[in-house]
>>> print(open('target05.tsv').read())   # TSV, C-alpha atoms
chain	number	residue	atom	x	y	z
A	1	MET	CA	0.00	0.00	0.00
A	2	TYR	CA	3.00	2.30	0.40
A	3	ILE	CA	3.09	2.91	-3.35
A	4	TYR	CA	-0.10	4.98	-3.06
A	5	PHE	CA	1.55	7.26	-0.54
A	6	LEU	CA	4.43	7.65	-2.99
A	7	ILE	CA	1.89	8.69	-5.64
A	8	LEU	CA	0.39	11.24	-3.24
A	9	ILE	CA	3.83	12.62	-2.39
A	10	LEU	CA	4.82	12.82	-6.06
A	11	ILE	CA	1.63	14.69	-6.97
A	12	PHE	CA	1.75	17.12	-4.05
A	13	GLY	CA	5.49	17.62	-4.58
A	14	SER	CA	4.82	18.37	-8.26
A	15	TYR	CA	2.22	20.93	-7.24
A	16	LEU	CA	4.66	22.69	-4.91
A	17	LEU	CA	7.41	22.68	-7.54
A	18	ILE	CA	5.13	24.00	-10.29
A	19	ASP	CA	2.95	26.44	-8.34
A	20	LYS	CA	5.34	27.82	-5.73
A	21	THR	CA	8.39	28.43	-7.91
A	22	ASN	CA	9.09	30.55	-10.97
A	23	ILE	CA	10.13	27.62	-13.16
A	24	PHE	CA	6.86	27.74	-15.11
A	25	ARG	CA	4.91	30.72	-16.42
A	26	PHE	CA	1.92	31.63	-14.25
A	27	ASN	CA	-0.69	31.03	-16.98
A	28	LYS	CA	0.78	27.59	-17.75
A	29	ARG	CA	1.06	26.25	-14.20
A	30	ASN	CA	-2.37	24.63	-13.99
A	31	LEU	CA	-1.98	22.90	-17.34
A	32	THR	CA	1.56	21.76	-16.47
A	33	PHE	CA	0.43	20.36	-13.13
A	34	ILE	CA	-2.52	18.43	-14.58
A	35	ILE	CA	-0.25	16.92	-17.26
A	36	VAL	CA	2.36	15.86	-14.68
A	37	ALA	CA	-0.35	14.43	-12.41
A	38	GLY	CA	-1.82	12.55	-15.36
A	39	ILE	CA	1.55	11.02	-16.26
A	40	ILE	CA	2.01	9.83	-12.66
A	41	LEU	CA	-1.48	8.33	-12.36
A	42	ILE	CA	-1.44	6.67	-15.78
A	43	LEU	CA	2.08	5.31	-15.29
A	44	PHE	CA	1.31	3.50	-12.03
A	45	SER	CA	-1.99	2.24	-13.38
A	46	SER	CA	-0.28	0.88	-16.51
A	47	ILE	CA	2.61	-0.98	-14.87
A	48	ARG	CA	0.59	-2.74	-12.15
A	49	ALA	CA	0.57	-6.52	-11.92
A	50	ASP	CA	-2.58	-8.48	-12.74
A	51	SER	CA	-3.04	-9.21	-9.00
A	52	VAL	CA	-3.72	-5.49	-8.37
A	53	GLY	CA	-7.45	-5.29	-8.99
A	54	SER	CA	-9.66	-8.28	-8.33
A	55	ASP	CA	-11.08	-8.49	-11.87
A	56	LEU	CA	-8.01	-7.53	-13.87
A	57	SER	CA	-6.94	-11.06	-14.80
A	58	LEU	CA	-10.47	-11.73	-16.05
A	59	TYR	CA	-10.37	-8.54	-18.12
A	60	TYR	CA	-7.17	-9.92	-19.65
A	61	LYS	CA	-9.08	-13.07	-20.61
A	62	ILE	CA	-11.79	-11.02	-22.28
A	63	PHE	CA	-9.12	-8.98	-24.06
A	64	ASP	CA	-7.48	-12.17	-25.29
A	65	SER	CA	-10.81	-13.52	-26.58
A	66	THR	CA	-11.63	-10.24	-28.33
A	67	LYS	CA	-8.45	-10.49	-30.41
A	68	ASN	CA	-9.97	-13.46	-32.25
A	69	TYR	CA	-13.06	-11.48	-33.30
A	70	THR	CA	-13.34	-9.45	-36.49
A	71	PHE	CA	-15.33	-6.23	-36.48
A	72	TYR	CA	-17.95	-8.04	-38.55
A	73	ASP	CA	-18.19	-10.78	-35.89
A	74	ILE	CA	-18.64	-8.17	-33.16
A	75	PHE	CA	-21.54	-6.41	-34.88
A	76	ILE	CA	-23.22	-9.69	-35.84
A	77	SER	CA	-22.93	-10.86	-32.23
A	78	LEU	CA	-25.02	-7.89	-31.15
A	79	PHE	CA	-28.10	-9.71	-32.45
A	80	GLN	CA	-27.16	-12.91	-30.60
A	81	SER	CA	-26.93	-11.29	-27.19
A	82	LYS	CA	-29.71	-11.26	-24.61
A	83	LYS	CA	-28.26	-8.07	-23.12
A	84	PHE	CA	-28.93	-4.76	-24.91
A	85	LEU	CA	-25.98	-3.38	-26.91
A	86	SER	CA	-23.74	-6.21	-25.71
A	87	VAL	CA	-21.56	-8.86	-27.32
A	88	PRO	CA	-21.04	-12.45	-26.09
A	89	VAL	CA	-17.31	-12.72	-25.34
A	90	TYR	CA	-15.40	-15.33	-23.31
A	91	ASN	CA	-17.71	-16.08	-20.37
A	92	GLY	CA	-20.33	-13.34	-20.51
A	93	GLU	CA	-21.90	-10.49	-22.44
A	94	TYR	CA	-20.11	-7.16	-22.47
A	95	GLU	CA	-21.05	-3.76	-23.87
A	96	ILE	CA	-20.13	-3.17	-27.51
A	97	GLY	CA	-18.24	0.09	-26.89
A	98	TYR	CA	-15.88	-1.68	-24.53
A	99	ILE	CA	-15.42	-4.66	-26.88
A	100	LEU	CA	-14.70	-2.40	-29.86
A	101	PHE	CA	-12.19	-0.45	-27.80
A	102	THR	CA	-10.33	-3.59	-26.71
A	103	LYS	CA	-10.35	-4.80	-30.31
A	104	LEU	CA	-8.68	-1.54	-31.38
A	105	ILE	CA	-6.08	-1.97	-28.63
A	106	SER	CA	-5.25	-5.47	-29.86
A	107	ILE	CA	-4.74	-4.15	-33.40
A	108	ILE	CA	-2.29	-1.51	-32.15
A	109	ASN	CA	-0.51	-3.86	-29.76
A	110	ASP	CA	-1.86	-7.02	-28.13
A	111	SER	CA	0.38	-6.96	-25.03
A	112	LEU	CA	-1.13	-6.79	-21.55
A	113	PHE	CA	0.80	-3.58	-20.91
A	114	SER	CA	-0.96	-1.99	-23.88
A	115	TYR	CA	-4.33	-2.98	-22.42
A	116	ASN	CA	-3.45	-1.35	-19.10
A	117	LEU	CA	-2.00	1.73	-20.79
A	118	PHE	CA	-4.89	2.45	-23.15
A	119	THR	CA	-7.63	1.79	-20.62
A	120	SER	CA	-5.79	4.02	-18.13
A	121	LEU	CA	-5.52	6.76	-20.75
A	122	PHE	CA	-9.21	6.40	-21.60
A	123	ILE	CA	-10.21	6.69	-17.94
A	124	ASN	CA	-7.82	9.32	-16.61
A	125	ILE	CA	-7.58	11.84	-19.44
A	126	PRO	CA	-11.30	12.82	-19.39
A	127	ILE	CA	-11.30	12.81	-15.58
A	128	LEU	CA	-8.29	15.12	-15.40
A	129	PHE	CA	-9.71	17.28	-18.20
A	130	PHE	CA	-12.91	17.70	-16.18
A	131	ILE	CA	-10.90	18.60	-13.09
A	132	TYR	CA	-8.78	21.05	-15.10
A	133	ARG	CA	-11.83	22.83	-16.51
A	134	HIS	CA	-14.04	22.94	-13.42
A	135	SER	CA	-11.93	22.79	-10.25
A	136	LYS	CA	-10.72	25.92	-8.50
A	137	LYS	CA	-7.89	24.01	-6.80
A	138	LEU	CA	-6.44	21.36	-9.09
A	139	TYR	CA	-4.06	19.78	-6.59
A	140	LEU	CA	-6.85	19.31	-4.05
A	141	SER	CA	-9.17	17.75	-6.64
A	142	VAL	CA	-6.49	15.28	-7.73
A	143	LEU	CA	-5.74	14.39	-4.10
A	144	ILE	CA	-9.46	13.80	-3.44
A	145	TYR	CA	-9.64	11.67	-6.60
A	146	ILE	CA	-7.08	9.39	-4.96
A	147	LEU	CA	-8.05	9.69	-1.30
A	148	PHE	CA	-11.74	9.01	-1.83
A	149	GLY	CA	-10.74	5.78	-3.55
A	150	PHE	CA	-11.82	6.61	-7.09
A	151	TYR	CA	-8.35	6.13	-8.57
A	152	THR	CA	-7.77	2.70	-7.00
A	153	GLN	CA	-11.35	1.69	-7.79
A	154	SER	CA	-10.59	2.35	-11.47
A	155	TYR	CA	-8.11	-0.54	-11.21
A	156	VAL	CA	-11.06	-2.85	-10.51
A	157	VAL	CA	-14.27	-1.77	-12.28
A	158	ILE	CA	-12.56	-0.77	-15.52
A	159	ARG	CA	-15.60	-0.72	-17.80
A	160	GLN	CA	-17.61	1.41	-15.42
A	161	TYR	CA	-14.82	3.94	-15.03
A	162	MET	CA	-14.55	4.15	-18.80
A	163	ALA	CA	-18.28	4.91	-18.79
A	164	LEU	CA	-17.79	7.42	-15.97
A	165	SER	CA	-15.13	9.27	-17.96
A	166	MET	CA	-17.66	9.71	-20.79
A	167	THR	CA	-20.38	10.95	-18.42
A	168	LEU	CA	-17.95	13.58	-17.11
A	169	LEU	CA	-17.54	14.89	-20.65
A	170	SER	CA	-21.34	14.90	-20.91
A	171	VAL	CA	-21.60	16.99	-17.72
A	172	HIS	CA	-18.86	19.30	-18.99
A	173	PHE	CA	-20.94	20.05	-22.08
A	174	LEU	CA	-24.08	20.43	-19.96
A	175	ILE	CA	-22.31	23.11	-17.94
A	176	GLU	CA	-21.39	24.72	-21.26
A	177	ASN	CA	-25.09	24.43	-22.28
A	178	ASN	CA	-24.17	22.25	-25.27
A	179	TYR	CA	-26.96	19.70	-25.01
A	180	LYS	CA	-26.23	17.93	-28.31
A	181	LYS	CA	-22.70	16.93	-27.31
A	182	ALA	CA	-23.88	16.12	-23.80
A	183	ILE	CA	-26.44	13.65	-25.17
A	184	VAL	CA	-23.85	12.09	-27.50
A	185	PHE	CA	-21.37	11.43	-24.68
A	186	SER	CA	-24.12	10.25	-22.35
A	187	LEU	CA	-25.29	7.67	-24.90
A	188	LEU	CA	-21.68	6.72	-25.69
A	189	SER	CA	-21.06	6.03	-21.99
A	190	CYS	CA	-23.85	3.43	-22.04
A	191	THR	CA	-21.88	1.40	-24.60
A	192	PHE	CA	-19.12	0.90	-22.00
A	193	HIS	CA	-21.30	0.07	-19.00
A	194	ASN	CA	-25.09	-0.10	-18.98
A	195	THR	CA	-25.32	1.61	-15.57
A	196	ALA	CA	-24.28	4.84	-17.28
A	197	ILE	CA	-27.84	5.22	-18.54
A	198	ILE	CA	-28.36	7.05	-15.23
A	199	SER	CA	-26.43	9.96	-16.77
A	200	LEU	CA	-29.50	10.80	-18.86
A	201	ILE	CA	-30.99	12.10	-15.62
A	202	PHE	CA	-28.21	14.71	-15.54
A	203	ILE	CA	-29.45	16.09	-18.86
A	204	LEU	CA	-33.05	16.29	-17.64
A	205	LEU	CA	-31.89	17.86	-14.40
A	206	LYS	CA	-29.94	20.58	-16.22
A	207	TYR	CA	-32.74	21.20	-18.73
A	208	PHE	CA	-35.30	21.67	-15.95
A	209	TRP	CA	-32.78	23.30	-13.60
A	210	ASN	CA	-34.90	26.24	-12.48
A	211	SER	CA	-37.90	24.01	-11.83
A	212	PHE	CA	-35.74	21.59	-9.88
A	213	LEU	CA	-34.37	24.36	-7.68
A	214	ARG	CA	-37.89	25.61	-7.04
A	215	TYR	CA	-39.07	22.22	-5.77
A	216	SER	CA	-35.71	20.83	-4.62
A	217	LYS	CA	-36.66	20.54	-0.96
A	218	TYR	CA	-39.75	18.46	-1.75
A	219	ILE	CA	-37.86	16.28	-4.26
A	220	ILE	CA	-35.03	15.57	-1.82
A	221	ILE	CA	-37.42	14.79	1.04
A	222	GLY	CA	-39.43	12.51	-1.25
A	223	LEU	CA	-36.33	10.63	-2.40
A	224	VAL	CA	-35.17	10.14	1.19
A	225	LEU	CA	-38.56	8.83	2.32
A	226	LEU	CA	-38.79	6.53	-0.71
A	227	SER	CA	-35.46	4.93	0.21
A	228	PHE	CA	-37.05	3.45	3.36
A	229	ILE	CA	-39.91	1.71	1.54
A	230	CYS	CA	-38.41	0.84	-1.85
A	231	LYS	CA	-36.92	-2.58	-1.07
A	232	PRO	CA	-39.83	-4.61	-2.56
A	233	LEU	CA	-39.73	-2.45	-5.70
A	234	ILE	CA	-35.97	-2.92	-6.09
A	235	GLU	CA	-36.27	-6.70	-5.71
A	236	TYR	CA	-39.09	-6.77	-8.27
A	237	LEU	CA	-37.06	-4.77	-10.81
A	238	ILE	CA	-33.98	-6.95	-10.31
A	239	LEU	CA	-35.84	-10.23	-10.64
A	240	ASN	CA	-37.76	-9.14	-13.74
A	241	PHE	CA	-35.33	-6.92	-15.64
A	242	TYR	CA	-31.85	-7.83	-14.32
A	243	PRO	CA	-32.14	-11.53	-13.37
A	244	PHE	CA	-28.33	-12.02	-13.61
A	245	TYR	CA	-28.14	-10.00	-10.35
A	246	ASP	CA	-30.78	-12.01	-8.49
A	247	ASP	CA	-28.25	-14.22	-6.70
A	248	ILE	CA	-26.21	-11.26	-5.40
A	249	ILE	CA	-28.93	-9.14	-3.81
A	250	ILE	CA	-27.21	-7.98	-0.62
A	251	SER	CA	-28.81	-5.49	1.76
A	252	GLY	CA	-27.62	-3.67	4.87
A	253	GLU	CA	-24.27	-2.50	3.48
A	254	GLY	CA	-23.14	1.09	2.91
A	255	LEU	CA	-24.37	2.76	6.10
A	256	LYS	CA	-20.90	3.93	7.18
A	257	LEU	CA	-20.25	5.48	3.78
A	258	PHE	CA	-23.64	7.20	3.88
A	259	LEU	CA	-22.87	8.74	7.28
A	260	PHE	CA	-19.46	9.86	6.01
A	261	LEU	CA	-21.01	11.46	2.91
A	262	LEU	CA	-23.68	13.08	5.05
A	263	LEU	CA	-20.99	14.63	7.26
A	264	ILE	CA	-19.20	16.00	4.18
A	265	THR	CA	-22.48	17.34	2.78
A	266	ILE	CA	-23.42	19.13	6.01
A	267	SER	CA	-19.97	20.72	6.30
A	268	LEU	CA	-20.17	21.98	2.70
A	269	VAL	CA	-23.67	23.41	3.19
A	270	MET	CA	-22.49	25.26	6.30
A	271	ILE	CA	-19.63	26.88	4.36
A	272	MET	CA	-21.88	27.77	1.41
A	273	LYS	CA	-24.53	29.39	3.59
A	274	ARG	CA	-21.98	31.40	5.51
A	275	GLU	CA	-19.83	32.54	2.59
A	276	GLY	CA	-22.51	33.34	0.02
A	277	LYS	CA	-23.85	32.20	-3.34
A	278	THR	CA	-21.94	29.68	-5.43
A	279	LYS	CA	-21.52	29.75	-9.19
A	280	GLU	CA	-23.95	27.68	-11.27
A	281	ASP	CA	-21.40	25.02	-12.29
A	282	THR	CA	-20.40	24.47	-8.65
A	283	GLU	CA	-24.06	24.42	-7.65
A	284	PHE	CA	-24.83	21.82	-10.32
A	285	CYS	CA	-21.96	19.60	-9.13
A	286	PHE	CA	-23.12	20.00	-5.54
A	287	ILE	CA	-26.67	18.89	-6.42
A	288	LEU	CA	-25.26	15.81	-8.18
A	289	PHE	CA	-23.13	15.02	-5.11
A	290	LEU	CA	-26.14	15.56	-2.83
A	291	LEU	CA	-28.15	13.12	-4.95
A	292	GLY	CA	-25.22	10.71	-4.66
A	293	THR	CA	-25.50	10.90	-0.89
A	294	ILE	CA	-29.22	10.09	-1.14
A	295	VAL	CA	-28.59	7.23	-3.58
A	296	GLN	CA	-26.21	5.80	-0.98
A	297	LEU	CA	-29.29	5.31	1.24
A	298	TYR	CA	-30.75	3.05	-1.45
A	299	THR	CA	-27.65	0.83	-1.37
A	300	LEU	CA	-28.79	-0.30	2.08
A	301	ASN	CA	-31.50	-2.23	0.22
A	302	PHE	CA	-29.30	-3.44	-2.66
A	303	SER	CA	-25.54	-3.00	-2.32
A	304	LEU	CA	-24.81	-3.01	-6.07
A	305	LEU	CA	-26.65	0.30	-6.37
A	306	ASN	CA	-23.32	1.79	-5.32
A	307	ARG	CA	-22.50	1.38	-9.01
A	308	LEU	CA	-25.14	4.03	-9.74
A	309	ALA	CA	-24.08	6.15	-6.78
A	310	LEU	CA	-20.58	6.47	-8.28
A	311	TYR	CA	-21.88	8.65	-11.13
A	312	PHE	CA	-23.16	11.16	-8.56
A	313	GLN	CA	-20.61	10.90	-5.76
A	314	PHE	CA	-17.62	11.53	-8.03
A	315	TYR	CA	-18.36	15.27	-7.99
A	316	ILE	CA	-16.92	15.48	-4.50
A	317	VAL	CA	-13.60	16.07	-6.30
A	318	ILE	CA	-15.03	19.37	-7.59
A	319	ILE	CA	-17.39	20.52	-4.86
A	320	ILE	CA	-14.91	20.49	-1.94
A	321	PRO	CA	-12.21	22.66	-3.63
A	322	ASN	CA	-14.77	25.03	-5.17
A	323	THR	CA	-16.62	25.47	-1.88
A	324	LEU	CA	-13.37	26.26	-0.08
A	325	GLU	CA	-12.70	28.96	-2.67
A	326	LEU	CA	-15.71	30.86	-1.30
A	327	TYR	CA	-13.52	31.98	1.61
A	328	SER	CA	-12.35	35.57	1.21
A	329	PHE	CA	-8.69	36.59	1.27
A	330	ASP	CA	-8.85	37.83	4.86
A	331	GLN	CA	-10.10	34.37	5.92
A	332	LEU	CA	-7.00	32.66	4.52
A	333	PRO	CA	-5.82	31.11	7.85
A	334	GLU	CA	-9.25	29.57	8.46
A	335	LYS	CA	-9.40	28.35	4.86
A	336	ARG	CA	-6.05	26.59	5.24
A	337	ILE	CA	-7.15	24.93	8.48
A	338	VAL	CA	-10.43	23.70	6.96
A	339	THR	CA	-8.58	22.46	3.85
A	340	LEU	CA	-6.13	20.56	6.03
A	341	CYS	CA	-9.02	19.05	8.00
A	342	TYR	CA	-10.64	17.76	4.80
A	343	ILE	CA	-7.33	16.26	3.64
A	344	ILE	CA	-6.71	14.55	7.01
A	345	VAL	CA	-10.26	13.14	7.15
A	346	LEU	CA	-10.04	11.85	3.57
A	347	LEU	CA	-6.56	10.42	4.22
A	348	CYS	CA	-7.94	8.47	7.20
A	349	PHE	CA	-10.83	7.33	5.02
A	350	PHE	CA	-8.39	6.16	2.34
A	351	ILE	CA	-6.17	4.27	4.81
A	352	PHE	CA	-9.22	2.62	6.40
A	353	ASN	CA	-10.48	1.44	3.01
A	354	LEU	CA	-7.09	0.01	2.05
A	355	ILE	CA	-6.30	-1.72	5.34
A	356	VAL	CA	-9.74	-2.86	6.51
A	357	ASN	CA	-11.91	-3.18	3.41
A	358	ASP	CA	-9.66	-3.68	0.35
A	359	SER	CA	-12.73	-4.98	-1.49
A	360	GLY	CA	-11.04	-4.66	-4.87
A	361	SER	CA	-7.73	-6.31	-3.89
A	362	VAL	CA	-5.68	-3.18	-4.57
A	363	ARG	CA	-3.90	-2.87	-1.22
A	364	ASN	CA	-0.83	-4.92	-2.11
A	365	TYR	CA	0.37	-3.00	-5.13
A	366	LYS	CA	2.92	-4.82	-7.28
A	367	ILE	CA	4.65	-3.84	-10.48
A	368	ALA	CA	4.28	-6.31	-13.34
A	369	ASN	CA	7.44	-8.30	-13.92
A	370	ASN	CA	8.74	-11.08	-16.14
A	371	ASN	CA	7.70	-13.84	-13.74
A	372	ILE	CA	4.84	-14.95	-15.98
A	373	VAL	CA	3.42	-18.08	-17.50
A	374	GLU	CA	1.11	-18.87	-20.39
A	375	VAL	CA	-2.48	-19.59	-19.42
A	376	SER	CA	-4.90	-20.35	-22.23
A	377	GLY	CA	-2.83	-18.35	-24.67
A	378	ILE	CA	-2.48	-15.28	-22.46
A	379	GLN	CA	0.37	-14.22	-20.22
A	380	LEU	CA	-0.61	-13.95	-16.58
A	381	ASP	CA	1.13	-13.63	-13.26
A	382	ARG	CA	2.13	-16.94	-11.64
A	383	LYS	CA	-0.49	-16.37	-8.99
A	384	GLU	CA	-3.54	-18.19	-10.32
A	385	SER	CA	-6.62	-16.01	-10.60
A	386	VAL	CA	-9.60	-17.17	-8.56
A	387	TYR	CA	-11.87	-14.97	-10.68
A	388	GLU	CA	-11.25	-16.80	-13.95
A	389	ASN	CA	-14.74	-18.26	-14.29
A	390	ASN	CA	-16.63	-15.22	-13.01
A	391	VAL	CA	-18.49	-12.64	-15.06
A	392	VAL	CA	-17.41	-9.01	-14.67
A	393	TYR	CA	-20.51	-6.92	-13.95
>>> encode(input="target05.tsv", output="C-alpha cells")
Amino acid sequence: MYIYFLILILIFGSYLLIDKTNIFRFNKRNLTFIIVAGIILILFSSIRADSVGSDLSLYYKIFDSTKNYTFYDIFISLFQSKKFLSVPVYNGEYEIGYILFTKLISIINDSLFSYNLFTSLFINIPILFFIYRHSKKLYLSVLIYILFGFYTQSYVVIRQYMALSMTLLSVHFLIENNYKKAIVFSLLSCTFHNTAIISLIFILLKYFWNSFLRYSKYIIIGLVLLSFICKPLIEYLILNFYPFYDDIIISGEGLKLFLFLLLITISLVMIMKREGKTKEDTEFCFILFLLGTIVQLYTLNFSLLNRLALYFQFYIVIIIPNTLELYSFDQLPEKRIVTLCYIIVLLCFFIFNLIVNDSGSVRNYKIANNNIVEVSGIQLDRKESVYENNVVY
C-alpha cells in the first residue's frame, strides 16, 4: 500500500514545484500540473501486476478472446446477445463500446501492458480534463480523486470507469449548455457500462434546472422517504429486468459510507450558507453530489446500487475545492485549516479502506514483472486467478 503514498507525495510535490516556484509561467502552471499528475497516475496504473485489482486477470481473458473477433463478428454478435448493446465474449456479455475499444487496442498492440495503458488513458484523461476545466484548486481535486478511492477503484471496475469518464464529458458540455454533445457522450457512456444510462438524468436535471431548484426541498425529502420503503420495488425490478443480479442481492451495506457522505455534505452546506452564493457550475456539481449521498441510502437495500451512486458521488472532487474557494482573502488562515481538516479526514478514510476493506484487492500493489506463464494463450502472473470463471458486472 506504500506505493499509493508515494503517488500522493509525487503529486503534491509536483504541485509545490510547479505552483510555488518561478520555473513555469503563471498562466501555464495549472496545465503543467494536470499533465504531470496525469503522467504519474497513468504510469502507475499501466505498470501494475494483474493481481492489483480483483477483476483484472479476467479482463485480460476477455481482451485475449476479443483479439480473435473481427469487427464483422462483433456487430453480428449484437443480435445474438440477450443483453442490450452487448456482445457475447469469453464467459459473458459485455457492452459493444468496450469490446470495440479492446479490439482496437489489440490491433495496435496485443500486449497486456498496452491494455493497461490504453484503458488508463481512456479513464484518466477525461477525468483530469474535467478537473482542469471545473476545479478551483487542481491539486486538491487530484488528491481527493485518490483519497476518496476513485483512482484505485478504477483498477477494478474498468468498464464502469470508462463509462464514468464519458459521463464527465457529458456533464462538462451540460455546464457549457451544449446539449447535443452532452447527449452524444451520455449515450456513448452506455456502450461501455449499462449503468451509465443514469447519466440521462443529468441532462433532464440541467434542462429543468430552475424548476428543480424551485421544488428541490420536496424532491429531496421525497427521495429520502422513498429509500425506506423501496426494497420490494428494487427486488421486483432486479428479478424481472436484471435476473443475472438475483443471486447477489445484498442489503444492509453502505451505512458507514452514507454517514461519512452526510458529514461531508453538512460541512459543505455550512460553508456555502456562511460565505454566500456559489456559481452555477459548482451548484450543479453540488446537487449531483447531494443526490449521490441520497442514492447511498438506497444501497442499504441493494448494495450493487453503489455502481449508480458512483456517477453522482464523483463530484466530491469538484465541490470540496470550489466550496473552499468561497472563503475571502482575509479568511486565509481559516481556509487553510479547513482544507487541512478535509485532507486529514479523507486520508484516514483512504487508509481505512485500504487496510480494513480492500474490497477490490488493490492494497498490495505490485509492479508487473517477467515472472509470468502462459495460461490459455495469455500471459498472466504466476499467482492463479480465482476470478477466472466469473463474469465481470
>>> closest_atom_pairs(input="target05.tsv", of="segment 291-340 of chain A", to="segment 175-195 of chain A", cutoff="12 Å", atoms="only C-alpha atoms", output="JSON lines")
{"residue": "A:Leu304", "atom": "CA", "partner": "A:Thr195", "partner_atom": "CA", "distance": 10.6}
{"residue": "A:Leu305", "atom": "CA", "partner": "A:Thr195", "partner_atom": "CA", "distance": 9.4}
{"residue": "A:Asn306", "atom": "CA", "partner": "A:Thr195", "partner_atom": "CA", "distance": 10.4}
{"residue": "A:Arg307", "atom": "CA", "partner": "A:Thr195", "partner_atom": "CA", "distance": 7.1}
{"residue": "A:Leu308", "atom": "CA", "partner": "A:Thr195", "partner_atom": "CA", "distance": 6.3}
{"residue": "A:Ala309", "atom": "CA", "partner": "A:Thr195", "partner_atom": "CA", "distance": 10.0}
{"residue": "A:Leu310", "atom": "CA", "partner": "A:Thr195", "partner_atom": "CA", "distance": 10.0}
{"residue": "A:Tyr311", "atom": "CA", "partner": "A:Thr195", "partner_atom": "CA", "distance": 9.0}
>>> closest_residue(input="target05.tsv", among="A:His172, A:Ile221, A:Gln331, A:Leu259", to="Glu275 of chain A", atoms="all atoms listed in the file")
A:Gln331
>>> closest_residue(input="target05.tsv", among="A:Val224, A:Cys285, A:Leu56, A:Ile146", to="Leu174 of chain A", atoms="all atoms listed in the file")
A:Cys285
>>> closest_atom_pairs(input="target05.tsv", of="segment 71-167 of chain A", to="segment 28-35 of chain A", cutoff="8 Å", atoms="all atoms listed in the file", output="tab-separated table")
residue	atom	partner	partner_atom	distance
A:Leu128	CA	A:Ile34	CA	6.7
A:Tyr132	CA	A:Ile34	CA	6.8
A:Leu138	CA	A:Asn30	CA	7.2
A:Tyr139	CA	A:Phe33	CA	8.0
>>> closest_residue(input="target05.tsv", among="A:Leu104, A:Leu147, A:Leu291, A:Leu164", to="Phe350 of chain A", atoms="all atoms listed in the file")
A:Leu147
>>> residues_around(input="target05.tsv", residues="segment 156-161 of chain A", least_positions_apart="5", cutoff="10 Å", atoms="all atoms listed in the file", output="MDAnalysis selection string")
chainID A and resid 52:56 59 94:95 97:99 116 119:120 122:124 127 150:151 166:167 189:196 307:308 310:311 359:362 392:393
>>> closest_residue(input="target05.tsv", among="A:Leu78, A:Leu263, A:Ile319, A:Val269", to="Thr293 of chain A", atoms="all atoms listed in the file")
A:Leu263
>>> residues_around(input="target05.tsv", residues="Leu354 of chain A", least_positions_apart="3", cutoff="12 Å", atoms="only C-alpha atoms", output="list in words")
Met1, Tyr2, Ile3, Tyr4, Phe5, Ile146, Leu147, Phe148, Gly149, Thr152, Gln153, Leu347, Cys348, Phe349, Phe350, Ile351, Asn357, Asp358, Ser359, Gly360, Ser361, Val362, Arg363, Asn364 and Tyr365 of chain A
>>> closest_residue(input="target05.tsv", among="A:Lys366, A:Glu93, A:Val142, A:Ile11", to="Gln80 of chain A", atoms="only C-alpha atoms")
A:Glu93
>>> atom_distance(input="target05.tsv", atom1="atom CA of Ser216 of chain A", atom2="atom CA of Val345 of chain A")
29.1 Å
>>> closest_residue(input="target05.tsv", among="A:Leu297, A:Ser45, A:Ile18, A:Lys136", to="Leu223 of chain A", atoms="all atoms listed in the file")
A:Leu297
>>> atom_distance(input="target05.tsv", atom1="atom CA of Asp50 of chain A", atom2="atom CA of Ala368 of chain A")
7.2 Å
>>> atom_distance(input="target05.tsv", atom1="atom CA of Ile9 of chain A", atom2="atom CA of Val317 of chain A")
18.2 Å
>>> residues_near_point(input="target05.tsv", point="(-17.3, 19.2, -6.4)", cutoff="12 Å", atoms="only C-alpha atoms", output="PyMOL selection string")
chain A and resi 130-131+134-138+140-142+144-145+264-265+268+278-290+292+312-325
>>> build_atoms(input="target05.tsv", residues="segment 356-367 of chain A", atoms="N, CA and C atoms", output="CSV table (one decimal), keeping the file's coordinate frame")
chain,number,residue,atom,x,y,z
A,356,VAL,N,-8.6,-2.1,6.0
A,356,VAL,CA,-9.7,-2.9,6.5
A,356,VAL,C,-10.6,-3.5,5.4
A,357,ASN,N,-11.0,-2.7,4.4
A,357,ASN,CA,-11.9,-3.2,3.4
A,357,ASN,C,-11.2,-3.9,2.3
A,358,ASP,N,-10.4,-3.1,1.5
A,358,ASP,CA,-9.7,-3.7,0.4
A,358,ASP,C,-10.5,-4.6,-0.5
A,359,SER,N,-11.8,-4.1,-0.8
A,359,SER,CA,-12.7,-5.0,-1.5
A,359,SER,C,-12.3,-5.3,-2.9
A,360,GLY,N,-11.5,-4.4,-3.5
A,360,GLY,CA,-11.0,-4.7,-4.9
A,360,GLY,C,-9.7,-5.3,-5.0
A,361,SER,N,-9.1,-5.7,-3.9
A,361,SER,CA,-7.7,-6.3,-3.9
A,361,SER,C,-6.7,-5.4,-4.5
A,362,VAL,N,-6.7,-4.1,-4.0
A,362,VAL,CA,-5.7,-3.2,-4.6
A,362,VAL,C,-4.6,-2.8,-3.5
A,363,ARG,N,-4.8,-3.3,-2.3
A,363,ARG,CA,-3.9,-2.9,-1.2
A,363,ARG,C,-2.4,-3.2,-1.5
A,364,ASN,N,-2.2,-4.5,-1.9
A,364,ASN,CA,-0.8,-4.9,-2.1
A,364,ASN,C,-0.4,-4.7,-3.5
A,365,TYR,N,0.0,-3.4,-3.8
A,365,TYR,CA,0.4,-3.0,-5.1
A,365,TYR,C,1.7,-3.7,-5.5
A,366,LYS,N,1.7,-4.2,-6.7
A,366,LYS,CA,2.9,-4.8,-7.3
A,366,LYS,C,3.1,-4.4,-8.7
A,367,ILE,N,4.3,-4.2,-9.1
A,367,ILE,CA,4.6,-3.8,-10.5
A,367,ILE,C,4.8,-5.1,-11.3
